[in-house]
$ cat my_file_36.json   # JSON, C-alpha atoms
[["chain", "number", "residue", "atom", "x", "y", "z"],
["A", 1, "MET", "CA", -14.63, 1.36, -22.43],
["A", 2, "ILE", "CA", -11.20, -0.24, -22.39],
["A", 3, "LYS", "CA", -10.74, -2.49, -19.38],
["A", 4, "ILE", "CA", -7.44, -3.60, -17.94],
["A", 5, "ILE", "CA", -7.57, -6.30, -15.27],
["A", 6, "THR", "CA", -4.87, -8.05, -13.27],
["A", 7, "ARG", "CA", -3.84, -11.70, -13.43],
["A", 8, "THR", "CA", -1.54, -12.60, -10.59],
["A", 9, "GLN", "CA", 0.61, -15.48, -9.42],
["A", 10, "ASN", "CA", 2.87, -15.90, -6.39],
["A", 11, "THR", "CA", 1.26, -12.88, -4.69],
["A", 12, "SER", "CA", -0.86, -14.37, -1.89],
["A", 13, "LEU", "CA", -0.65, -17.02, 0.81],
["A", 14, "PRO", "CA", -2.86, -20.14, 0.67],
["A", 15, "PHE", "CA", -6.54, -19.64, 1.50],
["A", 16, "SER", "CA", -6.20, -21.98, 4.48],
["A", 17, "ILE", "CA", -3.91, -19.39, 6.11],
["A", 18, "ILE", "CA", -5.69, -16.17, 5.18],
["A", 19, "LYS", "CA", -9.35, -17.21, 5.17],
["A", 20, "GLY", "CA", -11.75, -15.24, 7.31],
["A", 21, "SER", "CA", -12.75, -11.62, 7.80],
["A", 22, "ALA", "CA", -10.67, -8.57, 6.97],
["A", 23, "GLN", "CA", -9.88, -8.21, 10.67],
["A", 24, "LYS", "CA", -8.64, -11.79, 10.84],
["A", 25, "ARG", "CA", -6.45, -11.31, 7.76],
["A", 26, "ASN", "CA", -5.01, -8.16, 9.30],
["A", 27, "LYS", "CA", -4.21, -10.09, 12.48],
["A", 28, "THR", "CA", -2.41, -12.69, 10.37],
["A", 29, "ALA", "CA", -0.33, -9.94, 8.72],
["A", 30, "ASP", "CA", 0.31, -8.45, 12.18],
["A", 31, "ALA", "CA", 1.59, -11.76, 13.49],
["A", 32, "LEU", "CA", 3.83, -12.39, 10.48],
["A", 33, "SER", "CA", 5.31, -8.90, 10.67],
["A", 34, "LYS", "CA", 5.99, -9.19, 14.40],
["A", 35, "GLN", "CA", 7.72, -12.55, 13.91],
["A", 36, "PHE", "CA", 9.74, -11.07, 11.07],
["A", 37, "TYR", "CA", 11.04, -7.95, 12.80],
["A", 38, "THR", "CA", 11.69, -9.80, 16.06],
["A", 39, "LYS", "CA", 13.90, -12.29, 14.25],
["A", 40, "LEU", "CA", 15.55, -9.61, 12.12],
["A", 41, "LEU", "CA", 16.41, -7.52, 15.18],
["A", 42, "SER", "CA", 17.95, -10.51, 16.94],
["A", 43, "ALA", "CA", 20.03, -11.33, 13.84],
["A", 44, "SER", "CA", 21.54, -7.84, 13.53],
["A", 45, "ASP", "CA", 23.21, -5.45, 15.95],
["A", 46, "ASP", "CA", 23.06, -2.01, 14.39],
["A", 47, "LYS", "CA", 20.87, -0.12, 11.94],
["A", 48, "SER", "CA", 21.87, -2.32, 9.01],
["A", 49, "CYS", "CA", 21.32, -5.99, 8.20],
["A", 50, "THR", "CA", 22.44, -8.35, 5.48],
["A", 51, "LEU", "CA", 20.27, -8.85, 2.43],
["A", 52, "GLU", "CA", 20.74, -12.59, 2.85],
["A", 53, "ILE", "CA", 19.17, -12.60, 6.32],
["A", 54, "PHE", "CA", 16.30, -10.43, 5.09],
["A", 55, "ASN", "CA", 15.56, -12.84, 2.22],
["A", 56, "VAL", "CA", 15.88, -15.99, 4.33],
["A", 57, "LEU", "CA", 13.57, -14.73, 7.08],
["A", 58, "LEU", "CA", 10.94, -13.54, 4.61],
["A", 59, "ASN", "CA", 11.03, -16.75, 2.59],
["A", 60, "ASN", "CA", 10.71, -18.87, 5.72],
["A", 61, "LEU", "CA", 7.68, -16.95, 6.99],
["A", 62, "LEU", "CA", 6.08, -16.91, 3.54],
["A", 63, "GLN", "CA", 6.75, -20.65, 3.03],
["A", 64, "ASN", "CA", 8.83, -19.95, -0.10],
["A", 65, "ILE", "CA", 5.68, -19.49, -2.18],
["A", 66, "ILE", "CA", 5.74, -15.71, -2.62],
["A", 67, "ASN", "CA", 7.97, -14.45, -5.39],
["A", 68, "PHE", "CA", 9.83, -11.28, -4.41],
["A", 69, "LYS", "CA", 13.05, -9.64, -5.47],
["A", 70, "VAL", "CA", 14.98, -6.93, -3.61],
["A", 71, "LEU", "CA", 16.40, -4.11, -5.72],
["A", 72, "ARG", "CA", 18.23, -0.90, -4.88],
["A", 73, "GLU", "CA", 16.01, 2.12, -4.17],
["A", 74, "THR", "CA", 17.29, 4.85, -6.48],
["A", 75, "SER", "CA", 14.61, 7.51, -6.06],
["A", 76, "PRO", "CA", 15.66, 10.35, -3.74],
["A", 77, "LYS", "CA", 11.99, 10.82, -2.88],
["A", 78, "TYR", "CA", 11.59, 7.46, -1.12],
["A", 79, "ARG", "CA", 13.48, 5.48, 1.50],
["A", 80, "GLY", "CA", 11.97, 2.30, 0.10],
["A", 81, "THR", "CA", 9.03, 1.12, -2.01],
["A", 82, "ILE", "CA", 7.24, -2.06, -3.00],
["A", 83, "LYS", "CA", 5.61, -2.73, -6.36],
["A", 84, "HIS", "CA", 3.97, -5.58, -8.19],
["A", 85, "ASN", "CA", 6.31, -7.35, -10.57],
["A", 86, "VAL", "CA", 4.59, -6.80, -13.93],
["A", 87, "THR", "CA", 5.83, -9.36, -16.46],
["A", 88, "GLY", "CA", 3.67, -8.61, -19.49],
["A", 89, "THR", "CA", 0.18, -8.20, -20.93],
["A", 90, "GLU", "CA", -2.39, -10.28, -22.80],
["A", 91, "CYS", "CA", -5.56, -9.32, -24.67],
["A", 92, "ASP", "CA", -8.59, -11.63, -25.06],
["A", 93, "ASP", "CA", -11.22, -11.72, -27.80],
["A", 94, "ASN", "CA", -13.41, -9.26, -25.90],
["A", 95, "GLY", "CA", -10.68, -6.64, -25.84],
["A", 96, "ILE", "CA", -10.02, -7.02, -22.13],
["A", 97, "ILE", "CA", -6.34, -6.52, -21.43],
["A", 98, "SER", "CA", -4.77, -8.62, -18.67],
["A", 99, "LEU", "CA", -1.84, -7.18, -16.77],
["A", 100, "LEU", "CA", 0.34, -10.16, -15.81],
["A", 101, "VAL", "CA", 1.86, -9.95, -12.34],
["A", 102, "ASP", "CA", 4.33, -12.41, -10.83],
["A", 103, "GLY", "CA", 5.13, -11.51, -7.23],
["A", 104, "PHE", "CA", 6.70, -8.29, -6.02],
["A", 105, "LYS", "CA", 9.70, -6.00, -6.33],
["A", 106, "ILE", "CA", 10.96, -4.50, -3.06],
["A", 107, "PHE", "CA", 13.20, -1.44, -3.38],
["A", 108, "LEU", "CA", 15.46, -0.85, -0.36],
["A", 109, "PRO", "CA", 18.55, 1.21, 0.55],
["A", 110, "LEU", "CA", 21.52, -1.05, -0.22],
["A", 111, "ASP", "CA", 25.24, -0.53, 0.26],
["A", 112, "LYS", "CA", 27.66, -0.28, -2.67],
["A", 113, "ASN", "CA", 28.09, -4.04, -2.89],
["A", 114, "GLY", "CA", 24.36, -4.66, -2.76],
["A", 115, "LYS", "CA", 24.79, -7.21, 0.01],
["A", 116, "ASN", "CA", 23.62, -5.15, 2.98],
["A", 117, "ILE", "CA", 20.47, -3.15, 3.70],
["A", 118, "THR", "CA", 21.65, 0.11, 5.23],
["A", 119, "ASN", "CA", 18.39, 0.78, 7.11],
["A", 120, "LYS", "CA", 16.77, -2.36, 8.48],
["A", 121, "PHE", "CA", 13.82, -0.36, 9.88],
["A", 122, "CYS", "CA", 12.98, 0.75, 6.37],
["A", 123, "ALA", "CA", 13.15, -2.93, 5.38],
["A", 124, "ILE", "CA", 10.72, -3.78, 8.21],
["A", 125, "HIS", "CA", 8.38, -1.05, 6.92],
["A", 126, "GLU", "CA", 8.36, -2.44, 3.37],
["A", 127, "ALA", "CA", 8.07, -6.02, 4.64],
["A", 128, "ARG", "CA", 4.85, -5.04, 6.42],
["A", 129, "HIS", "CA", 3.45, -3.80, 3.11],
["A", 130, "LEU", "CA", 4.35, -7.22, 1.68],
["A", 131, "PHE", "CA", 2.60, -9.06, 4.52],
["A", 132, "ASP", "CA", -0.51, -6.92, 4.05],
["A", 133, "ALA", "CA", -0.53, -7.73, 0.34],
["A", 134, "VAL", "CA", -0.04, -11.50, 0.65],
["A", 135, "CYS", "CA", -2.76, -11.72, 3.32],
["A", 136, "ASN", "CA", -5.27, -9.67, 1.29],
["A", 137, "PRO", "CA", -5.44, -11.02, -2.29],
["A", 138, "LYS", "CA", -8.01, -8.40, -3.34],
["A", 139, "THR", "CA", -5.40, -5.67, -2.92],
["A", 140, "ASN", "CA", -3.36, -7.35, -5.65],
["A", 141, "GLN", "CA", -6.27, -7.07, -8.08],
["A", 142, "PHE", "CA", -6.78, -3.69, -9.66],
["A", 143, "ARG", "CA", -8.74, -2.55, -12.67],
["A", 144, "LEU", "CA", -7.73, 0.28, -14.94],
["A", 145, "GLN", "CA", -10.63, 1.75, -16.86],
["A", 146, "ASN", "CA", -8.69, 3.89, -19.29],
["A", 147, "LEU", "CA", -11.61, 5.15, -21.32],
["A", 148, "TYR", "CA", -15.09, 5.86, -20.05],
["A", 149, "GLU", "CA", -17.36, 7.41, -22.65],
["A", 150, "LYS", "CA", -14.20, 8.62, -24.43],
["A", 151, "ILE", "CA", -12.95, 10.42, -21.33],
["A", 152, "ASP", "CA", -9.64, 9.46, -19.73],
["A", 153, "PHE", "CA", -9.83, 9.52, -15.92],
["A", 154, "GLU", "CA", -6.47, 7.90, -15.17],
["A", 155, "ALA", "CA", -4.73, 11.25, -14.68],
["A", 156, "GLN", "CA", -7.40, 12.33, -12.18],
["A", 157, "LYS", "CA", -7.08, 9.05, -10.31],
["A", 158, "ASP", "CA", -3.32, 9.51, -10.14],
["A", 159, "ASN", "CA", -3.70, 13.04, -8.82],
["A", 160, "ILE", "CA", -6.16, 11.95, -6.14],
["A", 161, "SER", "CA", -3.87, 9.12, -5.08],
["A", 162, "LYS", "CA", -0.92, 11.54, -4.89],
["A", 163, "LEU", "CA", -2.89, 13.86, -2.61],
["A", 164, "PHE", "CA", -3.63, 10.99, -0.23],
["A", 165, "LEU", "CA", -0.27, 9.20, -0.34],
["A", 166, "ASP", "CA", 2.54, 11.18, -2.00],
["A", 167, "THR", "CA", 2.09, 14.88, -1.22],
["A", 168, "LEU", "CA", 3.85, 14.67, 2.15],
["A", 169, "ASP", "CA", 6.68, 17.20, 2.05],
["A", 170, "ASN", "CA", 4.87, 19.87, 4.04],
["A", 171, "PRO", "CA", 2.24, 20.02, 6.80],
["A", 172, "ILE", "CA", -1.29, 19.90, 5.42],
["A", 173, "ARG", "CA", -4.59, 21.43, 6.49],
["A", 174, "MET", "CA", -7.32, 18.81, 6.26],
["A", 175, "LYS", "CA", -9.87, 21.41, 5.19],
["A", 176, "ASP", "CA", -7.80, 22.33, 2.12],
["A", 177, "PHE", "CA", -6.99, 18.67, 1.44],
["A", 178, "LYS", "CA", -10.66, 17.63, 1.49],
["A", 179, "SER", "CA", -11.62, 20.50, -0.78],
["A", 180, "SER", "CA", -8.92, 19.55, -3.33],
["A", 181, "VAL", "CA", -9.96, 15.89, -3.34],
["A", 182, "ARG", "CA", -13.65, 16.70, -3.77],
["A", 183, "LYS", "CA", -12.92, 18.97, -6.73],
["A", 184, "LEU", "CA", -10.99, 16.19, -8.47],
["A", 185, "ILE", "CA", -13.50, 13.44, -7.75],
["A", 186, "GLU", "CA", -16.84, 15.20, -8.22],
["A", 187, "ASP", "CA", -17.12, 14.67, -12.00],
["A", 188, "MET", "CA", -15.81, 11.09, -12.05],
["A", 189, "PRO", "CA", -18.27, 8.25, -12.72],
["A", 190, "ASP", "CA", -19.18, 6.29, -9.59],
["A", 191, "THR", "CA", -17.64, 3.05, -10.85],
["A", 192, "ILE", "CA", -14.25, 4.69, -11.37],
["A", 193, "SER", "CA", -14.26, 6.80, -8.20],
["A", 194, "ILE", "CA", -15.26, 3.75, -6.11],
["A", 195, "ASP", "CA", -12.36, 1.70, -7.52],
["A", 196, "CYS", "CA", -10.03, 4.64, -6.91],
["A", 197, "LEU", "CA", -11.14, 5.14, -3.30],
["A", 198, "GLN", "CA", -11.02, 1.43, -2.48],
["A", 199, "THR", "CA", -7.42, 1.25, -3.70],
["A", 200, "ILE", "CA", -6.52, 4.37, -1.72],
["A", 201, "ARG", "CA", -8.21, 3.01, 1.40],
["A", 202, "ASN", "CA", -6.19, -0.21, 1.21],
["A", 203, "SER", "CA", -2.97, 1.75, 0.70],
["A", 204, "LEU", "CA", -3.70, 4.03, 3.67],
["A", 205, "LYS", "CA", -4.38, 1.06, 5.93],
["A", 206, "SER", "CA", -1.10, -0.53, 4.91],
["A", 207, "GLU", "CA", 0.83, 2.73, 5.48],
["A", 208, "ILE", "CA", -0.63, 2.97, 8.99],
["A", 209, "ASN", "CA", 0.41, -0.65, 9.62],
["A", 210, "ALA", "CA", 3.89, -0.20, 8.15],
["A", 211, "TYR", "CA", 4.75, 2.94, 10.09],
["A", 212, "GLY", "CA", 3.32, 1.38, 13.23],
["A", 213, "ASP", "CA", 5.53, -1.71, 12.93],
["A", 214, "GLU", "CA", 8.55, 0.40, 12.00],
["A", 215, "ILE", "CA", 8.15, 2.42, 15.20],
["A", 216, "LYS", "CA", 7.51, -0.70, 17.30],
["A", 217, "SER", "CA", 10.65, -2.36, 15.96],
["A", 218, "MET", "CA", 12.73, 0.77, 16.62],
["A", 219, "ALA", "CA", 11.47, 0.92, 20.21],
["A", 220, "LYS", "CA", 11.90, -2.79, 20.93],
["A", 221, "GLY", "CA", 14.36, -3.59, 23.75],
["A", 222, "SER", "CA", 17.12, -1.02, 24.21],
["A", 223, "GLY", "CA", 16.33, 0.44, 20.80],
["A", 224, "LEU", "CA", 14.07, 3.08, 22.32],
["A", 225, "PHE", "CA", 17.09, 4.85, 23.81],
["A", 226, "TYR", "CA", 19.13, 4.80, 20.58],
["A", 227, "ASN", "CA", 16.26, 5.51, 18.19],
["A", 228, "LEU", "CA", 14.18, 7.96, 20.21],
["A", 229, "ARG", "CA", 15.01, 10.97, 18.04],
["A", 230, "GLU", "CA", 14.12, 9.15, 14.83],
["A", 231, "ILE", "CA", 10.93, 7.77, 16.38],
["A", 232, "LEU", "CA", 9.86, 11.28, 17.36],
["A", 233, "THR", "CA", 10.70, 12.55, 13.87],
["A", 234, "ILE", "CA", 8.51, 9.87, 12.28],
["A", 235, "LYS", "CA", 5.65, 10.57, 14.69],
["A", 236, "LEU", "CA", 5.84, 14.30, 13.95],
["A", 237, "PHE", "CA", 5.80, 13.54, 10.21],
["A", 238, "LEU", "CA", 2.72, 11.33, 10.62],
["A", 239, "HIS", "CA", 0.96, 13.95, 12.75],
["A", 240, "GLN", "CA", 1.68, 17.02, 10.61],
["A", 241, "ASN", "CA", 2.39, 15.87, 7.04],
["A", 242, "ALA", "CA", 0.97, 12.42, 6.38],
["A", 243, "LYS", "CA", -2.18, 12.36, 8.53],
["A", 244, "PHE", "CA", -2.96, 8.87, 7.24],
["A", 245, "LYS", "CA", -5.59, 8.11, 9.89],
["A", 246, "GLN", "CA", -7.51, 11.31, 9.18],
["A", 247, "LYS", "CA", -7.24, 10.68, 5.45],
["A", 248, "LEU", "CA", -8.52, 7.12, 5.90],
["A", 249, "LYS", "CA", -11.57, 8.43, 7.76],
["A", 250, "PHE", "CA", -12.24, 10.88, 4.93],
["A", 251, "ALA", "CA", -11.70, 8.21, 2.24],
["A", 252, "ASN", "CA", -14.24, 5.97, 3.97],
["A", 253, "LYS", "CA", -16.71, 8.87, 4.09],
["A", 254, "LEU", "CA", -16.27, 9.58, 0.38],
["A", 255, "LEU", "CA", -16.56, 5.90, -0.47],
["A", 256, "LYS", "CA", -19.80, 5.63, 1.49],
["A", 257, "GLU", "CA", -21.20, 8.64, -0.39],
["A", 258, "LYS", "CA", -20.23, 7.21, -3.78],
["A", 259, "LEU", "CA", -21.62, 3.75, -2.99],
["A", 260, "THR", "CA", -24.91, 5.24, -1.80],
["A", 261, "ASN", "CA", -25.15, 7.34, -4.94],
["A", 262, "ALA", "CA", -24.39, 4.36, -7.18],
["A", 263, "ARG", "CA", -27.05, 2.22, -5.46],
["A", 264, "ASN", "CA", -29.64, 4.98, -5.69],
["A", 265, "ASN", "CA", -28.94, 5.47, -9.41],
["A", 266, "HIS", "CA", -29.16, 1.73, -9.99],
["A", 267, "ARG", "CA", -32.47, 1.58, -8.12],
["A", 268, "MET", "CA", -33.87, 4.46, -10.17],
["A", 269, "SER", "CA", -32.79, 2.82, -13.43],
["A", 270, "LEU", "CA", -34.69, -0.35, -12.46],
["A", 271, "ASN", "CA", -37.86, 1.63, -11.72],
["A", 272, "SER", "CA", -37.75, 3.75, -14.87]]
$ encode --input "my_file_36.json" --output "structure tokens"
Amino acid sequence: MIKIITRTQNTSLPFSIIKGSAQKRNKTADALSKQFYTKLLSASDDKSCTLEIFNVLLNNLLQNIINFKVLRETSPKYRGTIKHNVTGTECDDNGIISLLVDGFKIFLPLDKNGKNITNKFCAIHEARHLFDAVCNPKTNQFRLQNLYEKIDFEAQKDNISKLFLDTLDNPIRMKDFKSSVRKLIEDMPDTISIDCLQTIRNSLKSEINAYGDEIKSMAKGSGLFYNLREILTIKLFLHQNAKFKQKLKFANKLLKEKLTNARNNHRMSLNS
């Protein structure tokens, strides 16, 4: 098996700030996000904001220890995205490949001059993903097991992830969705499917958080009147197309099944 692990720097806040349970870390991310969008809203009047203000506010809240860079979102499929900033790879004597990550890249809608973010609510959405990541270091660690008994499962993992997170153009029926996911995951080894589902679960939680904060920021103050139509559009999208909460419940169910199966197999191997 070829293993690819992640070595990160400048991707998480100090342990003194984010120590505690998952719920406590989520509350920390909640608080940071609320502080951020409250300050951003007060520093801008319309739907746009300056890139300078965005950077200053983020750096202040993150104590200037998280490396991030804002770039123009060029994909017509997304309003904005956030990715790890991969700087290179290393391979040790055991053949384990380390993927080197230094902070994040945030892709946002920018004007022609690149000095203004044309949709500050999109920026708030992506900032929440950043807060979730810096408060949960484990989400910045991912393993790619490219070969397992000479079988490549990366394509299957990508397809499963797309079903959960990217196939959002049309309304979905959960019955059909669950059937498609189970067909893709049923022949995957437990170790790989568990890694896949844990990553998907973290991403779904962050999407729920990000859309929630985006809507809250749009409704804050007099914004509810001006942004009501867009808020309703987002809520309809979440209800009909995305269904992130329902998908999270299903991902947790699948993960529980896979973990139980893995433990039972391990127990049987010890008794054989």
$ residues_around --input "my_file_36.json" --residues "range 75-83 of chain A" --least-positions-apart "6" --cutoff "8 Å" --atoms "only C-alpha atoms" --output "PDB file with C-alpha atoms, in the coordinates of the input"
ATOM      1  CA  PHE A 104       6.700  -8.290  -6.020  1.00  0.00           C
ATOM      2  CA  LYS A 105       9.700  -6.000  -6.330  1.00  0.00           C
ATOM      3  CA  ILE A 106      10.960  -4.500  -3.060  1.00  0.00           C
ATOM      4  CA  PHE A 107      13.200  -1.440  -3.380  1.00  0.00           C
ATOM      5  CA  LEU A 108      15.460  -0.850  -0.360  1.00  0.00           C
ATOM      6  CA  PRO A 109      18.550   1.210   0.550  1.00  0.00           C
ATOM      7  CA  CYS A 122      12.980   0.750   6.370  1.00  0.00           C
ATOM      8  CA  ALA A 123      13.150  -2.930   5.380  1.00  0.00           C
ATOM      9  CA  GLU A 126       8.360  -2.440   3.370  1.00  0.00           C
ATOM     10  CA  HIS A 129       3.450  -3.800   3.110  1.00  0.00           C
ATOM     11  CA  LEU A 130       4.350  -7.220   1.680  1.00  0.00           C
TER      12      LEU A 130
END
$ closest_atom_pairs --input "my_file_36.json" --of "range 158-267 of chain A" --to "range 34-46 of chain A" --cutoff "9 Å" --atoms "all atoms listed in the file" --output "Markdown table"
| residue | atom | partner | partner_atom | distance |
| --- | --- | --- | --- | --- |
| A:Asp213 | CA | A:Lys34 | CA | 7.6 |
| A:Glu214 | CA | A:Tyr37 | CA | 8.8 |
| A:Ser217 | CA | A:Tyr37 | CA | 6.4 |
| A:Lys220 | CA | A:Thr38 | CA | 8.5 |
$ atom_distance --input "my_file_36.json" --atom1 "CA of Ala219 in chain A" --atom2 "CA of Lys24 in chain A"
25.6 Å
$ residues_around --input "my_file_36.json" --residues "range 261-269 of chain A" --least-positions-apart "2" --cutoff "12 Å" --atoms "all atoms listed in the file" --output "list of chain:residue names"
A:Glu186, A:Met188, A:Pro189, A:Asp190, A:Thr191, A:Ile192, A:Ser193, A:Ile194, A:Leu254, A:Leu255, A:Lys256, A:Glu257, A:Lys258, A:Leu259, A:Asn271, A:Ser272
$ write_last_selection --input "my_file_36.json" --atoms "C-alpha atoms" --output "PDB file, keeping the file's coordinate frame"
ATOM      1  CA  GLU A 186     -16.840  15.200  -8.220  1.00  0.00           C
ATOM      2  CA  MET A 188     -15.810  11.090 -12.050  1.00  0.00           C
ATOM      3  CA  PRO A 189     -18.270   8.250 -12.720  1.00  0.00           C
ATOM      4  CA  ASP A 190     -19.180   6.290  -9.590  1.00  0.00           C
ATOM      5  CA  THR A 191     -17.640   3.050 -10.850  1.00  0.00           C
ATOM      6  CA  ILE A 192     -14.250   4.690 -11.370  1.00  0.00           C
ATOM      7  CA  SER A 193     -14.260   6.800  -8.200  1.00  0.00           C
ATOM      8  CA  ILE A 194     -15.260   3.750  -6.110  1.00  0.00           C
ATOM      9  CA  LEU A 254     -16.270   9.580   0.380  1.00  0.00           C
ATOM     10  CA  LEU A 255     -16.560   5.900  -0.470  1.00  0.00           C
ATOM     11  CA  LYS A 256     -19.800   5.630   1.490  1.00  0.00           C
ATOM     12  CA  GLU A 257     -21.200   8.640  -0.390  1.00  0.00           C
ATOM     13  CA  LYS A 258     -20.230   7.210  -3.780  1.00  0.00           C
ATOM     14  CA  LEU A 259     -21.620   3.750  -2.990  1.00  0.00           C
ATOM     15  CA  ASN A 271     -37.860   1.630 -11.720  1.00  0.00           C
ATOM     16  CA  SER A 272     -37.750   3.750 -14.870  1.00  0.00           C
TER      17      SER A 272
END
$ atom_distance --input "my_file_36.json" --atom1 "CA of Lys175 in chain A" --atom2 "CA of Ser161 in chain A"
17.1 Å
$ atom_distance --input "my_file_36.json" --atom1 "CA of Met218 in chain A" --atom2 "CA of Leu204 in chain A"
21.2 Å
$ closest_residue --input "my_file_36.json" --among "A:Thr167, A:Gln9, A:Ser222, A:Asn159" --to "Gln141 in chain A" --atoms "all atoms listed in the file"
A:Gln9
$ residues_around --input "my_file_36.json" --residues "range 56-67 of chain A" --least-positions-apart "3" --cutoff "7 Å" --atoms "all atoms listed in the file" --output "CSV table (one decimal) with C-alpha atoms, keeping the file's coordinate frame"
chain,number,residue,atom,x,y,z
A,10,ASN,CA,2.9,-15.9,-6.4
A,11,THR,CA,1.3,-12.9,-4.7
A,12,SER,CA,-0.9,-14.4,-1.9
A,32,LEU,CA,3.8,-12.4,10.5
A,36,PHE,CA,9.7,-11.1,11.1
A,52,GLU,CA,20.7,-12.6,2.8
A,53,ILE,CA,19.2,-12.6,6.3
A,102,ASP,CA,4.3,-12.4,-10.8
A,103,GLY,CA,5.1,-11.5,-7.2
A,104,PHE,CA,6.7,-8.3,-6.0
$ closest_residue --input "my_file_36.json" --among "A:Ile208, A:Leu168, A:Leu224, A:Ile215" --to "Gln240 in chain A" --atoms "only C-alpha atoms"
A:Leu168
$ closest_residue --input "my_file_36.json" --among "A:Phe131, A:Lys157, A:Asn116, A:Ala251" --to "Lys47 in chain A" --atoms "only C-alpha atoms"
A:Asn116
$ closest_residue --input "my_file_36.json" --among "A:Asp166, A:Glu73, A:Asp93, A:Asp158" --to "Glu207 in chain A" --atoms "only C-alpha atoms"
A:Asp166
$ closest_residue --input "my_file_36.json" --among "A:Val101, A:Ile185, A:Cys91, A:Leu110" --to "Val70 in chain A" --atoms "only C-alpha atoms"
A:Leu110
$ closest_residue --input "my_file_36.json" --among "A:Asp30, A:Lys205, A:Lys162, A:Asn140" --to "Gln246 in chain A" --atoms "all atoms listed in the file"
A:Lys205
$ axis_aligned_box --input "my_file_36.json" --around "range 9-15 of chain A" --padding-each-side "3 Å" --output "lines of an AutoDock Vina configuration file"
center_x = -1.8
center_y = -16.5
center_z = -4.0
size_x = 15.4
size_y = 13.3
size_z = 16.9
$ residues_near_point --input "my_file_36.json" --point "(-5.6, 20.6, 2.3)" --cutoff "12 Å" --atoms "all atoms listed in the file" --output "PyMOL selection string"
chain A and resi 163-164+167-168+170-183+240-243+246-247
$ build_atoms --input "my_file_36.json" --residues "range 45-58 of chain A" --atoms "N, CA and C atoms" --output "PDB file, keeping the file's coordinate frame"
ATOM      1  N   ASP A  45      22.866  -6.254  14.776  1.00  0.00           N
ATOM      2  CA  ASP A  45      23.210  -5.450  15.950  1.00  0.00           C
ATOM      3  C   ASP A  45      22.981  -3.950  15.777  1.00  0.00           C
ATOM      4  N   ASP A  46      23.188  -3.452  14.577  1.00  0.00           N
ATOM      5  CA  ASP A  46      23.060  -2.010  14.390  1.00  0.00           C
ATOM      6  C   ASP A  46      21.902  -1.698  13.443  1.00  0.00           C
ATOM      7  N   LYS A  47      21.974  -0.550  12.789  1.00  0.00           N
ATOM      8  CA  LYS A  47      20.870  -0.120  11.940  1.00  0.00           C
ATOM      9  C   LYS A  47      20.778  -0.908  10.643  1.00  0.00           C
ATOM     10  N   SER A  48      21.848  -1.583  10.267  1.00  0.00           N
ATOM     11  CA  SER A  48      21.870  -2.320   9.010  1.00  0.00           C
ATOM     12  C   SER A  48      21.639  -3.814   9.252  1.00  0.00           C
ATOM     13  N   CYS A  49      21.409  -4.531   8.157  1.00  0.00           N
ATOM     14  CA  CYS A  49      21.320  -5.990   8.200  1.00  0.00           C
ATOM     15  C   CYS A  49      21.709  -6.522   6.844  1.00  0.00           C
ATOM     16  N   THR A  50      22.042  -7.789   6.776  1.00  0.00           N
ATOM     17  CA  THR A  50      22.440  -8.350   5.480  1.00  0.00           C
ATOM     18  C   THR A  50      21.207  -8.649   4.643  1.00  0.00           C
ATOM     19  N   LEU A  51      21.359  -8.524   3.347  1.00  0.00           N
ATOM     20  CA  LEU A  51      20.270  -8.850   2.430  1.00  0.00           C
ATOM     21  C   LEU A  51      19.940 -10.334   2.516  1.00  0.00           C
ATOM     22  N   GLU A  52      20.960 -11.152   2.744  1.00  0.00           N
ATOM     23  CA  GLU A  52      20.740 -12.590   2.850  1.00  0.00           C
ATOM     24  C   GLU A  52      19.806 -12.939   3.998  1.00  0.00           C
ATOM     25  N   ILE A  53      20.031 -12.336   5.164  1.00  0.00           N
ATOM     26  CA  ILE A  53      19.170 -12.600   6.320  1.00  0.00           C
ATOM     27  C   ILE A  53      17.744 -12.136   6.034  1.00  0.00           C
ATOM     28  N   PHE A  54      17.615 -10.964   5.443  1.00  0.00           N
ATOM     29  CA  PHE A  54      16.300 -10.430   5.090  1.00  0.00           C
ATOM     30  C   PHE A  54      15.543 -11.415   4.199  1.00  0.00           C
ATOM     31  N   ASN A  55      16.204 -11.903   3.155  1.00  0.00           N
ATOM     32  CA  ASN A  55      15.560 -12.840   2.220  1.00  0.00           C
ATOM     33  C   ASN A  55      15.206 -14.163   2.884  1.00  0.00           C
ATOM     34  N   VAL A  56      16.116 -14.694   3.678  1.00  0.00           N
ATOM     35  CA  VAL A  56      15.880 -15.990   4.330  1.00  0.00           C
ATOM     36  C   VAL A  56      14.689 -15.911   5.282  1.00  0.00           C
ATOM     37  N   LEU A  57      14.657 -14.873   6.115  1.00  0.00           N
ATOM     38  CA  LEU A  57      13.570 -14.730   7.080  1.00  0.00           C
ATOM     39  C   LEU A  57      12.222 -14.555   6.383  1.00  0.00           C
ATOM     40  N   LEU A  58      12.194 -13.732   5.339  1.00  0.00           N
ATOM     41  CA  LEU A  58      10.940 -13.540   4.610  1.00  0.00           C
ATOM     42  C   LEU A  58      10.478 -14.824   3.948  1.00  0.00           C
TER      43      LEU A  58
END
